[in-house]
Amino acid sequence: MEGTVKRQTLRCILVFALAGLAGPMIWLAAWPPSRLAEVLPRSVWLFYTDLVELIWPPSMMGPWIGVPANLVLFTVLGFAVALLGRTRRRLAMAYVVVVTLVFLMAQWEAGFVFARINVSALVVALLLYAIPFWLVMRASAMPHAA
């Protein structure tokens with residue numbers, strides 16, 4: 001039993017750590033960003049930049065600090081989910097907390113003006129944040145409630 005718990009904890013940490021690479025990989029896919037801004041329509045460029053900022057919160061620190069910071073952030077999130085999310089209900093509650101934090105971050109980026117939020121980038125970011133939660137839930141024989 002103890003080995004199973006350790007394996008599930010490590011799997012959760014690994015899944016979330018890999019998810020922490022999504023933002024930097026999307027940013028890297030459009031390299032160099034300055035050239036892409038000239039080619040794409042402004043709405044697509046704003047969607048891209050807002051999405052990267054939402055799924056890579058420390059992106060403003062630059063890639064040399066931002067990528068490791070994001071990996072640490074997502075690894076800590078994975079560890080917290082592994083410790084606290086032992087049931088599907090708790091895992092869903094953890095996802096609601098993440099959704100709330102991402103929404104608050106989107107509000108902050110928009111200057112706390114709801115109309116300025118890029119809703120499409122927010123929805124895509126929340127769907128991307130749901131993937132590691134779904135993978136962790138599917139990978140373990142997690143009970144529905146406790």
# chains A, B, ... in the order shown; residues from 1 in each chain; ligands from 1
>>> residues_around(residues="Leu127 of chain A", least_positions_apart="6", cutoff="12 Å", atoms="only C-alpha atoms", output="PyMOL selection string")
chain A and resi 51+54-55+95+98-99+102+120-121+133-134
>>> closest_atom_pairs(of="segment 79-116 of chain A", to="segment 6-21 of chain A", cutoff="8 Å", atoms="only C-alpha atoms", output="Markdown table")
| residue | atom | partner | partner_atom | distance |
| --- | --- | --- | --- | --- |
| A:Phe79 | CA | A:Ile13 | CA | 5.4 |
| A:Val81 | CA | A:Cys12 | CA | 7.4 |
| A:Ala82 | CA | A:Thr9 | CA | 5.1 |
| A:Leu83 | CA | A:Thr9 | CA | 7.4 |
>>> residues_around(residues="Leu73 of chain A", least_positions_apart="4", cutoff="9 Å", atoms="only C-alpha atoms", output="list of chain:residue names")
A:Ala17, A:Gly20, A:Pro58, A:Pro68, A:Ala69, A:Leu77, A:Gly78
>>> write_last_selection(atoms="N, CA and C atoms", output="mmCIF file, in the first residue's frame")
data_model
loop_
_atom_site.group_PDB
_atom_site.id
_atom_site.type_symbol
_atom_site.label_atom_id
_atom_site.label_comp_id
_atom_site.auth_asym_id
_atom_site.auth_seq_id
_atom_site.Cartn_x
_atom_site.Cartn_y
_atom_site.Cartn_z
ATOM 1 N N ALA A 17 4.624 18.514 -13.346
ATOM 2 C CA ALA A 17 5.887 19.115 -13.776
ATOM 3 C C ALA A 17 5.943 19.174 -15.301
ATOM 4 N N GLY A 20 3.906 21.893 -16.578
ATOM 5 C CA GLY A 20 4.561 23.186 -16.411
ATOM 6 C C GLY A 20 5.403 23.591 -17.614
ATOM 7 N N PRO A 58 5.172 32.794 -14.476
ATOM 8 C CA PRO A 58 6.431 33.534 -14.310
ATOM 9 C C PRO A 58 7.105 33.915 -15.634
ATOM 10 N N PRO A 68 12.451 27.575 -15.135
ATOM 11 C CA PRO A 68 12.617 26.845 -13.865
ATOM 12 C C PRO A 68 11.579 27.245 -12.808
ATOM 13 N N ALA A 69 11.214 28.515 -12.770
ATOM 14 C CA ALA A 69 10.210 28.962 -11.797
ATOM 15 C C ALA A 69 8.869 28.292 -12.079
ATOM 16 N N LEU A 77 2.529 22.398 -7.121
ATOM 17 C CA LEU A 77 1.101 22.159 -7.325
ATOM 18 C C LEU A 77 0.829 20.658 -7.409
ATOM 19 N N GLY A 78 1.666 19.927 -8.142
ATOM 20 C CA GLY A 78 1.503 18.479 -8.240
ATOM 21 C C GLY A 78 1.659 17.793 -6.902
#
>>> atom_distance(atom1="atom CA of Val119 of chain A", atom2="atom CA of Pro57 of chain A")
16.9 Å
>>> closest_residue(among="A:Leu46, A:Ile117, A:Met93, A:Ala22", to="Leu71 of chain A", atoms="only C-alpha atoms")
A:Ala22
>>> closest_atom_pairs(of="segment 109-130 of chain A", to="segment 23-45 of chain A", cutoff="10 Å", atoms="only C-alpha atoms", output="JSON lines")
{"residue": "A:Asn118", "atom": "CA", "partner": "A:Ser43", "partner_atom": "CA", "distance": 9.5}
{"residue": "A:Ala121", "atom": "CA", "partner": "A:Val44", "partner_atom": "CA", "distance": 10.0}
{"residue": "A:Ala125", "atom": "CA", "partner": "A:Gly23", "partner_atom": "CA", "distance": 9.6}
{"residue": "A:Leu128", "atom": "CA", "partner": "A:Gly23", "partner_atom": "CA", "distance": 9.7}
>>> atom_distance(atom1="atom CA of Arg86 of chain A", atom2="atom CA of Val67 of chain A")
28.4 Å
>>> atom_distance(atom1="atom CA of Val113 of chain A", atom2="atom CA of Leu126 of chain A")
19.2 Å
>>> select_by_dssp(residues="chain A", states="alpha helix (DSSP H)", output="PyMOL selection string")
chain A and resi 2-19+22-29+33-39+42-55+63-84+88-109+119-139
>>> decode(residues="segment 36-57 of chain A", atoms="N, CA and C atoms", output="CSV table (one decimal), in the first residue's frame")
chain,number,residue,atom,x,y,z
A,36,LEU,N,6.6,37.3,-35.2
A,36,LEU,CA,5.2,36.7,-35.3
A,36,LEU,C,4.2,37.8,-35.1
A,37,ALA,N,4.5,38.8,-34.3
A,37,ALA,CA,3.6,39.9,-34.1
A,37,ALA,C,3.4,40.7,-35.3
A,38,GLU,N,4.3,40.7,-36.2
A,38,GLU,CA,4.2,41.5,-37.5
A,38,GLU,C,3.4,40.7,-38.5
A,39,VAL,N,3.4,39.3,-38.4
A,39,VAL,CA,2.7,38.5,-39.4
A,39,VAL,C,1.2,38.2,-39.0
A,40,LEU,N,1.0,38.0,-37.7
A,40,LEU,CA,-0.4,37.6,-37.3
A,40,LEU,C,-1.3,38.8,-37.1
A,41,PRO,N,-2.6,38.6,-37.3
A,41,PRO,CA,-3.5,39.7,-36.9
A,41,PRO,C,-3.4,40.0,-35.4
A,42,ARG,N,-3.7,41.2,-35.1
A,42,ARG,CA,-3.6,41.7,-33.7
A,42,ARG,C,-4.4,40.8,-32.7
A,43,SER,N,-5.6,40.4,-33.1
A,43,SER,CA,-6.4,39.6,-32.2
A,43,SER,C,-5.8,38.2,-31.9
A,44,VAL,N,-5.2,37.6,-32.9
A,44,VAL,CA,-4.5,36.3,-32.8
A,44,VAL,C,-3.2,36.5,-31.9
A,45,TRP,N,-2.5,37.6,-32.1
A,45,TRP,CA,-1.3,37.9,-31.3
A,45,TRP,C,-1.7,38.1,-29.9
A,46,LEU,N,-2.7,38.8,-29.6
A,46,LEU,CA,-3.2,39.1,-28.2
A,46,LEU,C,-3.6,37.8,-27.6
A,47,PHE,N,-4.3,36.9,-28.3
A,47,PHE,CA,-4.7,35.6,-27.8
A,47,PHE,C,-3.5,34.8,-27.4
A,48,TYR,N,-2.5,34.8,-28.3
A,48,TYR,CA,-1.3,34.0,-28.0
A,48,TYR,C,-0.6,34.6,-26.8
A,49,THR,N,-0.4,35.9,-26.7
A,49,THR,CA,0.4,36.4,-25.6
A,49,THR,C,-0.4,36.2,-24.2
A,50,ASP,N,-1.7,36.4,-24.3
A,50,ASP,CA,-2.5,36.2,-23.1
A,50,ASP,C,-2.5,34.8,-22.7
A,51,LEU,N,-2.6,33.8,-23.6
A,51,LEU,CA,-2.6,32.4,-23.3
A,51,LEU,C,-1.3,32.0,-22.6
A,52,VAL,N,-0.2,32.5,-23.2
A,52,VAL,CA,1.2,32.2,-22.7
A,52,VAL,C,1.3,32.7,-21.2
A,53,GLU,N,0.8,33.9,-21.0
A,53,GLU,CA,0.9,34.5,-19.7
A,53,GLU,C,0.0,33.8,-18.7
A,54,LEU,N,-1.1,33.2,-19.1
A,54,LEU,CA,-2.0,32.5,-18.2
A,54,LEU,C,-1.5,31.1,-17.8
A,55,ILE,N,-0.8,30.4,-18.8
A,55,ILE,CA,-0.4,29.1,-18.5
A,55,ILE,C,1.1,29.1,-18.1
A,56,TRP,N,1.8,30.2,-18.2
A,56,TRP,CA,3.2,30.3,-17.8
A,56,TRP,C,3.3,31.6,-16.9
A,57,PRO,N,2.7,31.6,-15.7
A,57,PRO,CA,2.7,32.8,-14.9
A,57,PRO,C,4.0,33.5,-14.7
